[in-house]
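As provided, model.csv (CSV, C-alpha atoms and all ligand atoms) reads as follows.
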chain,number,residue,atom,x,y,z
S,7,ARG,CA,-14.2,-124.3,-111.8
S,8,ILE,CA,-11.3,-123.5,-114.1
S,9,ALA,CA,-11.0,-120.3,-116.3
S,10,TYR,CA,-8.6,-119.5,-119.1
S,11,VAL,CA,-6.9,-116.1,-118.7
S,12,ASN,CA,-4.2,-114.9,-121.0
S,13,GLY,CA,-2.4,-118.1,-121.6
S,14,ARG,CA,-3.1,-119.8,-118.2
S,15,TYR,CA,-5.7,-122.1,-116.8
S,16,LEU,CA,-6.6,-120.8,-113.3
S,17,PRO,CA,-9.1,-121.7,-110.5
S,18,HIS,CA,-12.1,-119.5,-111.2
S,19,ALA,CA,-11.8,-117.7,-107.8
S,20,LYS,CA,-8.2,-116.7,-108.7
S,21,ALA,CA,-8.8,-115.7,-112.3
S,22,ALA,CA,-8.4,-112.0,-112.7
S,23,VAL,CA,-7.4,-109.3,-115.2
S,24,HIS,CA,-5.4,-106.1,-114.7
S,25,ILE,CA,-7.2,-103.0,-113.4
S,26,GLU,CA,-5.9,-101.1,-116.5
S,27,ASP,CA,-7.4,-103.6,-118.9
S,28,ARG,CA,-9.3,-101.5,-121.5
S,29,GLY,CA,-12.3,-103.8,-121.2
S,30,TYR,CA,-12.6,-102.7,-117.6
S,31,GLN,CA,-12.0,-99.0,-118.2
S,32,PHE,CA,-13.7,-98.4,-121.6
S,33,ALA,CA,-15.7,-101.6,-122.4
S,34,ASP,CA,-13.2,-101.8,-125.2
S,35,GLY,CA,-13.7,-105.5,-126.1
S,36,VAL,CA,-16.0,-108.1,-127.5
S,37,TYR,CA,-17.4,-111.4,-126.5
S,38,GLU,CA,-19.2,-114.6,-127.6
S,39,VAL,CA,-21.5,-117.0,-125.9
S,40,VAL,CA,-21.5,-120.4,-127.5
S,41,PRO,CA,-24.0,-123.0,-126.5
S,42,VAL,CA,-22.6,-126.4,-125.5
S,43,HIS,CA,-24.9,-129.4,-126.1
S,44,LYS,CA,-23.8,-132.9,-125.2
S,45,GLY,CA,-20.2,-131.7,-125.2
S,46,ILE,CA,-20.5,-130.1,-128.7
S,47,LEU,CA,-20.1,-126.4,-129.4
S,48,VAL,CA,-23.2,-125.5,-131.3
S,49,ASP,CA,-22.6,-123.6,-134.6
S,50,GLU,CA,-19.0,-122.9,-133.5
S,51,GLU,CA,-17.8,-121.7,-136.9
S,52,LEU,CA,-20.6,-119.1,-137.0
S,53,HIS,CA,-19.7,-117.9,-133.6
S,54,LEU,CA,-16.0,-117.6,-134.5
S,55,ASP,CA,-17.0,-115.8,-137.7
S,56,ARG,CA,-18.9,-113.2,-135.7
S,57,LEU,CA,-16.1,-112.9,-133.1
S,58,GLU,CA,-13.6,-112.2,-135.9
S,59,ARG,CA,-16.0,-109.7,-137.4
S,60,SER,CA,-16.6,-107.9,-134.1
S,61,LEU,CA,-12.8,-107.6,-133.5
S,62,ARG,CA,-12.2,-106.4,-137.1
S,63,GLU,CA,-14.9,-103.7,-136.7
S,64,LEU,CA,-13.2,-102.4,-133.6
S,65,ARG,CA,-9.7,-102.9,-135.1
S,66,ILE,CA,-8.6,-105.2,-132.3
S,67,ALA,CA,-6.1,-107.8,-133.6
S,68,MET,CA,-7.2,-111.5,-133.4
S,69,PRO,CA,-5.1,-112.6,-130.5
S,70,MET,CA,-4.5,-116.1,-131.9
S,71,GLY,CA,-5.7,-118.3,-134.8
S,72,ARG,CA,-9.0,-120.1,-134.9
S,73,GLU,CA,-7.4,-123.5,-134.3
S,74,ALA,CA,-5.7,-122.2,-131.1
S,75,LEU,CA,-9.0,-120.8,-129.9
S,76,LYS,CA,-10.8,-124.0,-130.6
S,77,LEU,CA,-8.1,-126.0,-128.7
S,78,ILE,CA,-8.4,-123.7,-125.7
S,79,SER,CA,-12.2,-123.9,-125.8
S,80,ARG,CA,-12.1,-127.6,-125.7
S,81,GLU,CA,-9.5,-127.6,-122.9
S,82,VAL,CA,-11.7,-125.3,-120.7
S,83,MET,CA,-14.7,-127.5,-121.4
S,84,ARG,CA,-12.6,-130.6,-120.6
S,85,ARG,CA,-11.2,-129.2,-117.3
S,86,ASN,CA,-14.7,-128.3,-116.2
S,87,HIS,CA,-16.4,-131.5,-117.3
S,88,LEU,CA,-18.8,-129.4,-119.3
S,89,ASN,CA,-21.5,-131.3,-121.2
S,90,ASN,CA,-24.4,-128.9,-121.3
S,91,GLY,CA,-24.3,-125.2,-120.9
S,92,PHE,CA,-22.2,-122.5,-122.6
S,93,LEU,CA,-18.8,-121.2,-123.3
S,94,TYR,CA,-18.0,-117.5,-122.7
S,95,MET,CA,-15.2,-115.9,-124.6
S,96,GLN,CA,-14.1,-112.4,-124.1
S,97,MET,CA,-11.3,-110.4,-125.8
S,98,THR,CA,-10.3,-106.8,-125.1
S,99,ARG,CA,-7.8,-104.5,-126.6
S,100,GLY,CA,-5.6,-105.2,-123.6
S,101,VAL,CA,-3.8,-103.5,-120.8
S,102,ALA,CA,-2.5,-99.9,-121.2
S,103,PRO,CA,-2.3,-96.7,-119.2
S,104,ARG,CA,-5.7,-95.0,-119.4
S,105,ASP,CA,-6.0,-93.0,-122.6
S,106,HIS,CA,-8.9,-93.0,-125.0
S,107,LYS,CA,-6.8,-93.4,-128.1
S,108,PHE,CA,-5.7,-96.9,-129.0
S,109,PRO,CA,-2.4,-97.9,-127.2
S,110,ALA,CA,0.6,-98.3,-129.5
S,111,ALA,CA,1.4,-101.8,-128.3
S,112,ALA,CA,-1.2,-103.5,-126.2
S,113,LYS,CA,-1.6,-107.2,-126.4
S,114,PRO,CA,-5.3,-108.3,-126.7
S,115,ALA,CA,-6.5,-110.0,-123.5
S,116,VAL,CA,-8.4,-113.3,-123.8
S,117,VAL,CA,-10.7,-114.8,-121.2
S,118,MET,CA,-12.7,-118.0,-121.4
S,119,THR,CA,-15.1,-119.5,-118.9
S,120,VAL,CA,-17.8,-122.1,-119.1
S,121,ARG,CA,-21.1,-122.4,-117.2
S,122,GLN,CA,-23.3,-125.4,-116.7
S,123,MET,CA,-26.9,-124.9,-117.7
S,124,LYS,CA,-30.0,-127.0,-118.3
S,125,PRO,CA,-32.3,-126.3,-121.3
S,126,ALA,CA,-35.5,-124.5,-120.3
S,127,SER,CA,-38.0,-126.7,-118.4
S,128,LYS,CA,-41.1,-128.1,-120.1
S,129,GLU,CA,-43.2,-125.9,-117.7
S,130,LYS,CA,-41.4,-122.7,-118.7
S,131,LEU,CA,-41.8,-123.6,-122.4
S,132,GLU,CA,-45.5,-124.4,-122.0
S,133,ALA,CA,-46.1,-121.1,-120.2
S,134,GLY,CA,-44.0,-118.9,-122.5
S,135,VAL,CA,-42.5,-115.7,-121.1
S,136,PRO,CA,-43.7,-112.1,-120.7
S,137,VAL,CA,-41.8,-109.2,-122.2
S,138,ILE,CA,-42.1,-105.5,-121.9
S,139,THR,CA,-41.2,-102.8,-124.4
S,140,LEU,CA,-38.7,-99.9,-123.7
S,141,PRO,CA,-36.9,-97.3,-125.7
S,142,ASP,CA,-33.7,-98.5,-127.3
S,143,ILE,CA,-31.0,-96.1,-125.9
S,144,ARG,CA,-28.0,-98.0,-127.3
S,145,TRP,CA,-25.4,-96.8,-129.8
S,146,ALA,CA,-25.6,-97.1,-133.6
S,147,ARG,CA,-23.4,-100.2,-134.0
S,148,ARG,CA,-25.5,-102.9,-132.2
S,149,ASP,CA,-24.2,-105.4,-134.8
S,150,ILE,CA,-20.9,-105.5,-132.9
S,151,LYS,CA,-20.9,-107.9,-130.0
S,152,SER,CA,-19.3,-105.4,-127.7
S,153,VAL,CA,-19.0,-105.9,-123.9
S,154,SER,CA,-20.6,-102.5,-123.5
S,155,LEU,CA,-23.9,-103.7,-122.3
S,156,LEU,CA,-25.0,-101.1,-119.8
S,157,PRO,CA,-28.2,-100.1,-121.7
S,158,ASN,CA,-29.0,-103.8,-122.0
S,159,CYS,CA,-28.5,-104.3,-118.3
S,160,LEU,CA,-30.7,-101.3,-117.4
S,161,ALA,CA,-33.5,-102.6,-119.7
S,162,LYS,CA,-33.2,-106.2,-118.4
S,163,GLN,CA,-33.4,-105.0,-114.8
S,164,GLN,CA,-36.5,-102.9,-115.6
S,165,ALA,CA,-38.1,-106.0,-117.2
S,166,HIS,CA,-37.3,-108.0,-114.2
S,167,GLU,CA,-38.8,-105.4,-111.9
S,168,ALA,CA,-42.0,-105.5,-114.0
S,169,GLY,CA,-42.3,-109.2,-113.7
S,170,ALA,CA,-41.1,-109.8,-117.3
S,171,VAL,CA,-38.1,-111.8,-118.5
S,172,GLU,CA,-37.1,-109.7,-121.4
S,173,ALA,CA,-37.4,-106.1,-122.7
S,174,TRP,CA,-37.9,-105.6,-126.4
S,175,MET,CA,-36.2,-102.3,-127.3
S,176,VAL,CA,-37.9,-99.9,-129.6
S,177,ASP,CA,-36.2,-97.4,-131.9
S,178,GLY,CA,-37.1,-93.8,-132.5
S,179,ASP,CA,-39.5,-94.7,-135.2
S,180,GLY,CA,-41.5,-97.1,-133.1
S,181,TYR,CA,-40.0,-100.3,-134.5
S,182,VAL,CA,-38.8,-103.1,-132.3
S,183,THR,CA,-35.0,-103.7,-132.6
S,184,GLU,CA,-34.4,-106.7,-130.4
S,185,GLY,CA,-34.4,-108.0,-126.9
S,186,THR,CA,-31.6,-107.1,-124.4
S,187,SER,CA,-30.0,-110.4,-125.0
S,188,THR,CA,-32.2,-112.0,-127.6
S,189,ASN,CA,-33.6,-111.5,-131.1
S,190,ALA,CA,-37.3,-110.7,-131.4
S,191,TRP,CA,-39.8,-112.5,-133.8
S,192,ILE,CA,-43.5,-112.4,-134.4
S,193,VAL,CA,-45.9,-114.4,-136.5
S,194,THR,CA,-48.6,-112.3,-138.2
S,195,ALA,CA,-52.3,-113.2,-138.4
S,196,ASP,CA,-51.7,-114.6,-141.9
S,197,ASN,CA,-48.9,-116.8,-140.7
S,198,VAL,CA,-45.9,-114.7,-141.9
S,199,LEU,CA,-42.8,-115.0,-139.7
S,200,VAL,CA,-41.2,-111.6,-139.2
S,201,THR,CA,-37.9,-110.6,-137.7
S,202,ARG,CA,-35.8,-107.5,-138.2
S,203,SER,CA,-33.1,-107.7,-140.9
S,204,ALA,CA,-29.5,-107.9,-139.8
S,205,THR,CA,-28.3,-104.3,-140.3
S,206,HIS,CA,-26.3,-102.2,-137.8
S,207,ASP,CA,-29.5,-101.9,-135.8
S,208,ILE,CA,-29.3,-105.3,-134.2
S,209,LEU,CA,-27.0,-108.1,-133.2
S,210,ASN,CA,-27.2,-110.8,-135.8
S,211,GLY,CA,-27.9,-113.7,-133.5
S,212,ILE,CA,-26.3,-117.1,-134.4
S,213,THR,CA,-29.6,-118.7,-133.2
S,214,ARG,CA,-31.3,-116.3,-135.6
S,215,ILE,CA,-29.1,-117.3,-138.5
S,216,ALA,CA,-29.5,-121.0,-137.8
S,217,LEU,CA,-33.2,-120.7,-137.4
S,218,LEU,CA,-33.6,-118.7,-140.7
S,219,ASP,CA,-31.8,-121.6,-142.4
S,220,ARG,CA,-34.4,-124.1,-141.0
S,221,VAL,CA,-37.3,-121.8,-141.8
S,222,ALA,CA,-36.3,-121.7,-145.4
S,223,ALA,CA,-35.9,-125.4,-145.5
S,224,GLU,CA,-39.4,-125.9,-143.9
S,225,GLY,CA,-41.1,-123.7,-146.4
S,226,VAL,CA,-42.3,-121.2,-143.9
S,227,THR,CA,-43.2,-117.8,-145.3
S,228,PHE,CA,-40.9,-115.2,-143.7
S,229,GLU,CA,-40.0,-111.5,-144.0
S,230,GLU,CA,-36.9,-109.8,-142.7
S,231,ARG,CA,-38.2,-106.3,-141.8
S,232,PRO,CA,-38.9,-104.1,-138.8
S,233,PHE,CA,-42.2,-104.4,-137.0
S,234,THR,CA,-43.9,-102.0,-134.6
S,235,VAL,CA,-45.0,-102.6,-131.1
S,236,GLU,CA,-48.6,-102.3,-132.3
S,237,GLU,CA,-48.0,-105.1,-134.9
S,238,ALA,CA,-46.4,-107.2,-132.2
S,239,LEU,CA,-49.4,-106.7,-129.9
S,240,ASN,CA,-51.7,-107.9,-132.7
S,241,ALA,CA,-49.5,-110.8,-133.7
S,242,LYS,CA,-50.7,-114.4,-133.6
S,243,GLU,CA,-47.4,-115.6,-132.0
S,244,ALA,CA,-44.2,-114.1,-130.7
S,245,PHE,CA,-40.9,-115.6,-129.6
S,246,ILE,CA,-37.3,-114.8,-128.7
S,247,THR,CA,-34.1,-116.5,-129.8
S,248,SER,CA,-30.6,-116.7,-128.3
S,249,SER,CA,-27.8,-119.1,-127.5
S,250,THR,CA,-29.1,-119.7,-124.0
S,251,ASN,CA,-32.9,-119.6,-124.7
S,252,TYR,CA,-32.9,-121.4,-128.1
S,253,VAL,CA,-36.5,-120.6,-129.3
S,254,MET,CA,-38.6,-119.3,-126.4
S,255,PRO,CA,-42.3,-118.5,-126.8
S,256,VAL,CA,-43.4,-115.0,-125.8
S,257,THR,CA,-47.0,-115.1,-124.5
S,258,GLU,CA,-47.4,-111.5,-123.2
S,259,ILE,CA,-46.1,-108.1,-124.3
S,260,ASP,CA,-46.6,-105.1,-122.0
S,261,GLY,CA,-49.2,-107.0,-120.0
S,262,ARG,CA,-51.3,-108.0,-123.1
S,263,ALA,CA,-51.7,-111.6,-124.1
S,264,ILE,CA,-50.3,-112.5,-127.6
S,265,GLY,CA,-52.6,-114.7,-129.7
S,266,ASN,CA,-54.5,-117.0,-127.3
S,267,GLY,CA,-52.0,-116.4,-124.6
S,268,HIS,CA,-50.3,-119.7,-125.1
S,269,PRO,CA,-47.1,-120.6,-127.1
S,270,GLY,CA,-47.8,-120.6,-130.8
S,271,LEU,CA,-47.9,-123.7,-133.1
S,272,LEU,CA,-45.3,-122.3,-135.5
S,273,THR,CA,-43.1,-121.2,-132.6
S,274,MET,CA,-43.1,-124.7,-131.1
S,275,LYS,CA,-42.4,-126.2,-134.5
S,276,LEU,CA,-39.5,-123.9,-135.0
S,277,ARG,CA,-38.2,-124.7,-131.5
S,278,ASP,CA,-38.3,-128.4,-132.4
S,279,ALA,CA,-36.5,-127.7,-135.7
S,280,TYR,CA,-33.8,-125.8,-133.8
S,281,VAL,CA,-33.4,-128.5,-131.2
S,282,ALA,CA,-33.1,-131.1,-134.0
S,283,HIS,CA,-30.4,-128.9,-135.5
S,284,ILE,CA,-28.5,-128.9,-132.2
S,285,GLU,CA,-29.1,-132.6,-131.7
S,286,GLY,CA,-27.7,-133.2,-135.2
S,287,GLY,CA,-24.4,-132.0,-133.8
S,288,GLU,CA,-23.6,-130.0,-136.9
S,289,GLY,CA,-21.8,-127.6,-134.6
S,290,THR,CA,-18.2,-128.7,-135.2
R,1,LIG,N1,-29.3,-109.6,-129.4
R,1,LIG,C1,-28.5,-109.3,-128.4
R,1,LIG,C2,-28.4,-107.8,-128.0
R,1,LIG,C3,-27.8,-110.2,-127.7
R,1,LIG,O1,-27.0,-109.9,-126.7
R,1,LIG,C4,-27.9,-111.6,-128.1
R,1,LIG,C5,-27.2,-112.7,-127.3
R,1,LIG,N2,-25.8,-112.6,-127.3
R,1,LIG,C6,-28.7,-111.9,-129.1
R,1,LIG,C7,-29.4,-110.9,-129.8
R,1,LIG,C8,-28.9,-113.4,-129.6
R,1,LIG,O2,-27.7,-113.8,-130.2
R,1,LIG,P1,-27.3,-115.4,-130.2
R,1,LIG,O3,-28.4,-116.1,-130.9
R,1,LIG,O4,-26.0,-115.4,-131.0
R,1,LIG,O5,-27.1,-115.8,-128.8

How does this structure look as structure tokens?
Amino acid sequence: RIAYVNGRYLPHAKAAVHIEDRGYQFADGVYEVVPVHKGILVDEELHLDRLERSLRELRIAMPMGREALKLISREVMRRNHLNNGFLYMQMTRGVAPRDHKFPAAAKPAVVMTVRQMKPASKEKLEAGVPVITLPDIRWARRDIKSVSLLPNCLAKQQAHEAGAVEAWMVDGDGYVTEGTSTNAWIVTADNVLVTRSATHDILNGITRIALLDRVAAEGVTFEERPFTVEEALNAKEAFITSSTNYVMPVTEIDGRAIGNGHPGLLTMKLRDAYVAHIEGGEGT
């Protein structure tokens, strides 16, 4: 495997960043995960929009232009013969002697890797996945795709230990924010699709954005608003979205079956619509 690190293509095992990189010391950086389907970067422009926004919010200079980033992405994919999986891009404020204040002259560090991955199996899709709910202990700017993911890791580990695949995090008012690496959705008893609106409280998933486009086109009734754990437990359907999961049915929350305990009809229709979008290769 080949990785891109600060201007060089290196064997994965030899690819390293400096110990005084601010990403390592302060989690002072951002990242993107772009799905790759049949050699095409899915919704690439939307991912690059979000990357630029994350950098801007943290006042990290864009290390290179979009076209250069796109060229490097393709080169990393080519060198790794990647057809299906995802591209990981990370940018930090760079290397500087440890000091909380921004360094006067650090050069942003750029890392890119790819990973091969198969879409979820038919069996997994037909079973759906269990999630648990946990308090959301993260900071107030979850809209920034920062590499500071410790609360997410702790929650995901707790989910794993409980036999679940995701944790839905719950804010101080009892409303679900999102999953540790996914956005959270429910379908109410009267067939209204609900997901939290994209404020500073959640990461605005690219899968979320792409799916909302499809939802509007398909004439599905939807509301962008917060929902409680109680409302989720009483929902007819539930699912999660992300670049690596696409649309994944949730069939159990905190040990209680959602709807009839099987993936919902609307959920699977939306998954099909999202897969069709990916197949359409509108990504580039
Ligand atoms: N929320 C969080 C906290 C995430 O980490 C992710 C995945 N990066 C998402 C939502 C889903 O975003 P996307 O659809 O862009 O993968």

Using all atoms listed in the file, which protein or nucleic acid residues are at most 8 Å from ligand LIG 1 (chain R), as a list in words?
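Residues lying within 8 Å of ligand LIG 1 (chain R): Glu38, Val39, Val40, His53, Arg148, Lys151, Asn158, Glu184, Gly185, Thr186, Ser187, Thr188, Asn189, Ile208, Leu209, Asn210, Gly211, Ile212, Thr213, Arg214, Ile215, Thr247, Ser248, Ser249, Thr250 and Tyr252 of chain S.
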
Distance of CA of Arg202 (chain S) from CA of Pro269 (chain S), expressed in Å to one decimal place:
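One can read the CA of Pro269 (chain S) to CA of Arg202 (chain S) distance as 20.6 Å.
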
Please tell me which residues are no farther than 6 Å from (-12.1, -119.9, -135.1) in the file, counting only C-alpha atoms, and write them as a list in words.
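The residues near that point, listed by chain and number, are Leu54, Arg72 and Glu73 of chain S.
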
Selected residue of minimal separation from Gly29 (chain S) among S:Ala161, S:Ala204, S:Ile192, S:Val101, counting only C-alpha atoms
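Answer, going by the shortest atom-to-atom distance: S:Val101.
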
Ala9 (chain S): which residues within 10 Å, counting only C-alpha atoms, same-chain residues fewer than 5 positions away excluded, as a PDB file with C-alpha atoms, in the frame of the given file?
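Listed below is the output, around06.pdb:
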ATOM      1  CA  ARG S  14      -3.100-119.800-118.200  1.00  0.00           C
ATOM      2  CA  TYR S  15      -5.700-122.100-116.800  1.00  0.00           C
ATOM      3  CA  LEU S  16      -6.600-120.800-113.300  1.00  0.00           C
ATOM      4  CA  PRO S  17      -9.100-121.700-110.500  1.00  0.00           C
ATOM      5  CA  HIS S  18     -12.100-119.500-111.200  1.00  0.00           C
ATOM      6  CA  ALA S  19     -11.800-117.700-107.800  1.00  0.00           C
ATOM      7  CA  LYS S  20      -8.200-116.700-108.700  1.00  0.00           C
ATOM      8  CA  ALA S  21      -8.800-115.700-112.300  1.00  0.00           C
ATOM      9  CA  ALA S  22      -8.400-112.000-112.700  1.00  0.00           C
ATOM     10  CA  GLU S  81      -9.500-127.600-122.900  1.00  0.00           C
ATOM     11  CA  VAL S  82     -11.700-125.300-120.700  1.00  0.00           C
ATOM     12  CA  MET S  83     -14.700-127.500-121.400  1.00  0.00           C
ATOM     13  CA  ARG S  85     -11.200-129.200-117.300  1.00  0.00           C
ATOM     14  CA  ASN S  86     -14.700-128.300-116.200  1.00  0.00           C
ATOM     15  CA  TYR S  94     -18.000-117.500-122.700  1.00  0.00           C
ATOM     16  CA  VAL S 117     -10.700-114.800-121.200  1.00  0.00           C
ATOM     17  CA  MET S 118     -12.700-118.000-121.400  1.00  0.00           C
ATOM     18  CA  THR S 119     -15.100-119.500-118.900  1.00  0.00           C
ATOM     19  CA  VAL S 120     -17.800-122.100-119.100  1.00  0.00           C
TER      20      VAL S 120
END

For each of S:Leu57, S:Ala223, S:Leu131, S:Ala146, take the minimum atom-to-atom distance to Thr273 (chain S), counting all atoms listed in the file, then give the residue where this is smallest.
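Nearest to Thr273 (chain S): S:Leu131.
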